[in-house]
Amino acid sequence: MSLNSAALDHPELIEQAAHMYGSSCIVLAVDAKRQPDGSWHCYKAGGRIDTGRDAIEWIREGVRLGAGEILLTSMDADGTKQGFDLDLCKAVRKAVSVPLIASGGCGKLEDFATVFEEDAADAALAASLFHYDELSVTDVKDYLKGKGIAVR
């Protein structure tokens with residue numbers, strides 16, 4: 001189960017869902033955008049509404065409440081095809097120990113390798129590359145295997 005906007009509005013949903021299904025089944029989806037002071041805020045409603053909430057603190061709270069995994073979308077990188085937001089991913093990795101899925105910004109095969117080589121995430125998500133047939137899942141898996149990166 002993935003929770004984003006609803007969890008921001010009702011954090012108790014994370015705890016209730018974790019109790020019902022187990023933390024390993026609860027993914028906290030966080031849409032984060034860098035602020036002028038260098039921090040990141042959480043956004044909701046598909047990235048349209050700034051909650052004013054510090055993303056790193058929210059992720060810590062979400063894990064404390066029972067989220068067993070984080071799906072982290074960088075609103076700054078999303079759609080740019082300039083690579084994953086490694087700074088944001090590394091800040092989250094430093095804050096919590098649950099698995100992290102990087103999302104937003106992937107534009108080429110090398111971006112997948114970089115996020116793993118930099119130990120910035122446990123998994124990586126891309127959308128438009130696959131939707132528009134620029135890459136296939138097989139392309140990515142073969143590339144990563146060739147770089148010695150473990151792939152399922």
# chains A, B, ... in the order shown; residues from 1 in each chain; ligands from 1

$ residues_around --residues "stretch 66-70 of chain A" --least-positions-apart "6" --cutoff "7 Å" --atoms "only C-alpha atoms" --output "MDAnalysis selection string"
chainID A and resid 14:15 18 23:29 98:101

$ residues_around --residues "A:Asp50" --least-positions-apart "5" --cutoff "12 Å" --atoms "only C-alpha atoms" --output "list in words"
Ser5, Leu8, Val30, Asp31, Ala32, Lys33, Arg34, Gln35, Trp40, His41, Cys42, Tyr43, Lys44, Ala45, Ala55 and Met75 of chain A

$ write_last_selection --atoms "C-alpha atoms" --output "PDB file, in the first residue's frame"
ATOM      1  CA  SER A   5      -1.351  13.018   0.398  1.00  0.00           C
ATOM      2  CA  LEU A   8       0.183  13.984   5.170  1.00  0.00           C
ATOM      3  CA  VAL A  30       6.971  11.623  -0.728  1.00  0.00           C
ATOM      4  CA  ASP A  31       7.027  14.380  -3.336  1.00  0.00           C
ATOM      5  CA  ALA A  32       9.793  16.749  -2.239  1.00  0.00           C
ATOM      6  CA  LYS A  33      11.011  20.080  -3.582  1.00  0.00           C
ATOM      7  CA  ARG A  34      14.095  22.024  -2.532  1.00  0.00           C
ATOM      8  CA  GLN A  35      13.496  25.354  -0.843  1.00  0.00           C
ATOM      9  CA  TRP A  40      13.067  20.182   1.111  1.00  0.00           C
ATOM     10  CA  HIS A  41       9.321  20.551   1.586  1.00  0.00           C
ATOM     11  CA  CYS A  42       6.675  17.872   1.095  1.00  0.00           C
ATOM     12  CA  TYR A  43       4.118  18.492  -1.603  1.00  0.00           C
ATOM     13  CA  LYS A  44       0.730  16.857  -1.951  1.00  0.00           C
ATOM     14  CA  ALA A  45      -2.056  16.654  -4.517  1.00  0.00           C
ATOM     15  CA  ALA A  55      10.440  16.377   3.892  1.00  0.00           C
ATOM     16  CA  MET A  75       9.875  17.547  -7.845  1.00  0.00           C
TER      17      MET A  75
END

$ atom_distance --atom1 "atom CA of A:Ala7" --atom2 "atom CA of A:Leu65"
10.5 Å

$ closest_residue --among "A:Asp142, A:Glu118, A:Glu110, A:Asp37" --to "A:Asp87" --atoms "only C-alpha atoms"
A:Glu118

$ atom_distance --atom1 "atom CA of A:His19" --atom2 "atom CA of A:Asn4"
17.6 Å

$ closest_atom_pairs --of "stretch 94-126 of chain A" --to "stretch 58-63 of chain A" --cutoff "9 Å" --atoms "only C-alpha atoms" --output "CSV"
residue,atom,partner,partner_atom,distance
A:Ala95,CA,A:Arg60,CA,6.6
A:Val96,CA,A:Arg60,CA,6.3
A:Ser97,CA,A:Val63,CA,8.9
A:Val98,CA,A:Val63,CA,7.6

$ write_last_selection --atoms "N, CA, C and O atoms" --output "short mmCIF file (atom, residue, chain, number, x, y, z; two decimals), in the first residue's frame"
data_model
loop_
_atom_site.label_atom_id
_atom_site.label_comp_id
_atom_site.auth_asym_id
_atom_site.auth_seq_id
_atom_site.Cartn_x
_atom_site.Cartn_y
_atom_site.Cartn_z
N ALA A 95 18.92 9.81 7.00
CA ALA A 95 17.88 10.02 8.02
C ALA A 95 17.17 8.73 8.45
O ALA A 95 16.77 8.62 9.60
N VAL A 96 17.00 7.79 7.53
CA VAL A 96 16.26 6.56 7.83
C VAL A 96 16.96 5.36 7.22
O VAL A 96 17.74 5.50 6.27
N SER A 97 16.63 4.18 7.73
CA SER A 97 17.30 2.97 7.25
C SER A 97 16.40 2.04 6.44
O SER A 97 16.84 0.96 6.06
N VAL A 98 15.18 2.46 6.17
CA VAL A 98 14.28 1.62 5.37
C VAL A 98 14.66 1.73 3.90
O VAL A 98 15.31 2.70 3.49
#

$ atom_distance --atom1 "atom CA of A:Lys90" --atom2 "atom CA of A:Ala120"
5.1 Å

$ closest_residue --among "A:Val151, A:Thr73, A:Arg93, A:Asp78" --to "A:Phe112" --atoms "only C-alpha atoms"
A:Val151

$ residues_around --residues "A:Ile149" --least-positions-apart "6" --cutoff "10 Å" --atoms "only C-alpha atoms" --output "list of chain:residue names"
A:Phe112, A:Ala113, A:Phe116, A:Glu117, A:Lys141, A:Asp142, A:Tyr143

$ write_last_selection --atoms "N, CA and C atoms" --output "mmCIF file, in the first residue's frame"
data_model
loop_
_atom_site.group_PDB
_atom_site.id
_atom_site.type_symbol
_atom_site.label_atom_id
_atom_site.label_comp_id
_atom_site.auth_asym_id
_atom_site.auth_seq_id
_atom_site.Cartn_x
_atom_site.Cartn_y
_atom_site.Cartn_z
ATOM 1 N N PHE A 112 20.648 5.384 -14.019
ATOM 2 C CA PHE A 112 20.338 4.227 -13.179
ATOM 3 C C PHE A 112 21.595 3.764 -12.450
ATOM 4 N N ALA A 113 22.687 3.631 -13.181
ATOM 5 C CA ALA A 113 23.930 3.165 -12.570
ATOM 6 C C ALA A 113 24.397 4.128 -11.490
ATOM 7 N N PHE A 116 22.852 3.903 -8.008
ATOM 8 C CA PHE A 116 23.286 2.734 -7.239
ATOM 9 C C PHE A 116 24.769 2.818 -6.875
ATOM 10 N N GLU A 117 25.589 3.272 -7.787
ATOM 11 C CA GLU A 117 27.023 3.400 -7.517
ATOM 12 C C GLU A 117 27.291 4.415 -6.401
ATOM 13 N N LYS A 141 18.219 -3.588 -17.268
ATOM 14 C CA LYS A 141 18.763 -4.734 -16.532
ATOM 15 C C LYS A 141 20.088 -5.193 -17.133
ATOM 16 N N ASP A 142 20.152 -5.308 -18.446
ATOM 17 C CA ASP A 142 21.398 -5.738 -19.104
ATOM 18 C C ASP A 142 22.525 -4.745 -18.847
ATOM 19 N N TYR A 143 22.218 -3.469 -18.923
ATOM 20 C CA TYR A 143 23.224 -2.434 -18.681
ATOM 21 C C TYR A 143 23.762 -2.528 -17.250
#

$ closest_residue --among "A:Glu12, A:Asp122, A:Glu134, A:Glu57" --to "A:Ala91" --atoms "only C-alpha atoms"
A:Glu57

$ residues_around --residues "A:Thr80" --least-positions-apart "5" --cutoff "8 Å" --atoms "only C-alpha atoms" --output "list in words"
Gly104, Gly105, Cys106 and Gly107 of chain A

$ select_by_dssp --residues "stretch 40-144 of chain A" --states "strand (DSSP E)" --output "MDAnalysis selection string"
chainID A and resid 40:44 49:54 69:74 100:103 123:125

$ write_last_selection --atoms "N, CA and C atoms" --output "mmCIF file, in the first residue's frame"
data_model
loop_
_atom_site.group_PDB
_atom_site.id
_atom_site.type_symbol
_atom_site.label_atom_id
_atom_site.label_comp_id
_atom_site.auth_asym_id
_atom_site.auth_seq_id
_atom_site.Cartn_x
_atom_site.Cartn_y
_atom_site.Cartn_z
ATOM 1 N N TRP A 40 14.066 20.675 2.059
ATOM 2 C CA TRP A 40 13.067 20.182 1.111
ATOM 3 C C TRP A 40 11.712 20.186 1.799
ATOM 4 N N HIS A 41 10.688 20.610 1.077
ATOM 5 C CA HIS A 41 9.321 20.551 1.586
ATOM 6 C C HIS A 41 8.581 19.395 0.921
ATOM 7 N N CYS A 42 7.594 18.872 1.653
ATOM 8 C CA CYS A 42 6.675 17.872 1.095
ATOM 9 C C CYS A 42 5.584 18.589 0.320
ATOM 10 N N TYR A 43 5.230 17.990 -0.799
ATOM 11 C CA TYR A 43 4.118 18.492 -1.603
ATOM 12 C C TYR A 43 3.058 17.413 -1.656
ATOM 13 N N LYS A 44 1.819 17.823 -1.813
ATOM 14 C CA LYS A 44 0.730 16.857 -1.951
ATOM 15 C C LYS A 44 -0.112 17.225 -3.154
ATOM 16 N N ILE A 49 0.596 21.176 -4.167
ATOM 17 C CA ILE A 49 0.404 21.947 -2.936
ATOM 18 C C ILE A 49 1.597 21.759 -2.005
ATOM 19 N N ASP A 50 2.262 22.872 -1.693
ATOM 20 C CA ASP A 50 3.364 22.862 -0.732
ATOM 21 C C ASP A 50 2.755 22.798 0.665
ATOM 22 N N THR A 51 3.094 21.753 1.400
ATOM 23 C CA THR A 51 2.559 21.604 2.756
ATOM 24 C C THR A 51 3.335 22.437 3.765
ATOM 25 N N GLY A 52 4.524 22.914 3.388
ATOM 26 C CA GLY A 52 5.371 23.623 4.325
ATOM 27 C C GLY A 52 6.091 22.697 5.284
ATOM 28 N N ARG A 53 5.844 21.429 5.141
ATOM 29 C CA ARG A 53 6.429 20.427 6.042
ATOM 30 C C ARG A 53 7.796 19.989 5.533
ATOM 31 N N ASP A 54 8.779 19.939 6.416
ATOM 32 C CA ASP A 54 10.118 19.494 6.067
ATOM 33 C C ASP A 54 10.066 18.024 5.648
ATOM 34 N N GLU A 69 9.058 1.462 3.704
ATOM 35 C CA GLU A 69 9.777 1.807 2.479
ATOM 36 C C GLU A 69 9.380 3.225 2.087
ATOM 37 N N ILE A 70 10.298 3.914 1.395
ATOM 38 C CA ILE A 70 10.041 5.282 0.949
ATOM 39 C C ILE A 70 10.145 5.341 -0.575
ATOM 40 N N LEU A 71 9.127 5.895 -1.197
ATOM 41 C CA LEU A 71 9.164 6.225 -2.623
ATOM 42 C C LEU A 71 9.347 7.731 -2.694
ATOM 43 N N LEU A 72 10.546 8.158 -3.060
ATOM 44 C CA LEU A 72 10.927 9.560 -3.006
ATOM 45 C C LEU A 72 10.981 10.158 -4.404
ATOM 46 N N THR A 73 10.099 11.101 -4.677
ATOM 47 C CA THR A 73 10.105 11.796 -5.964
ATOM 48 C C THR A 73 10.626 13.209 -5.767
ATOM 49 N N SER A 74 11.688 13.530 -6.477
ATOM 50 C CA SER A 74 12.209 14.894 -6.478
ATOM 51 C C SER A 74 11.403 15.708 -7.474
ATOM 52 N N LEU A 100 14.786 2.643 0.050
ATOM 53 C CA LEU A 100 14.458 3.891 -0.620
ATOM 54 C C LEU A 100 14.401 3.677 -2.126
ATOM 55 N N ILE A 101 13.310 4.133 -2.734
ATOM 56 C CA ILE A 101 13.143 4.117 -4.187
ATOM 57 C C ILE A 101 13.303 5.550 -4.679
ATOM 58 N N ALA A 102 14.275 5.781 -5.553
ATOM 59 C CA ALA A 102 14.491 7.108 -6.137
ATOM 60 C C ALA A 102 13.576 7.281 -7.343
ATOM 61 N N SER A 103 12.974 8.447 -7.443
ATOM 62 C CA SER A 103 12.087 8.753 -8.563
ATOM 63 C C SER A 103 12.286 10.201 -8.978
ATOM 64 N N ALA A 123 16.462 1.239 -4.988
ATOM 65 C CA ALA A 123 15.750 0.979 -6.236
ATOM 66 C C ALA A 123 15.571 2.311 -6.952
ATOM 67 N N ALA A 124 15.296 2.240 -8.242
ATOM 68 C CA ALA A 124 15.113 3.456 -9.028
ATOM 69 C C ALA A 124 13.912 3.291 -9.940
ATOM 70 N N LEU A 125 13.171 4.372 -10.074
ATOM 71 C CA LEU A 125 11.946 4.375 -10.856
ATOM 72 C C LEU A 125 12.103 5.353 -12.011
#
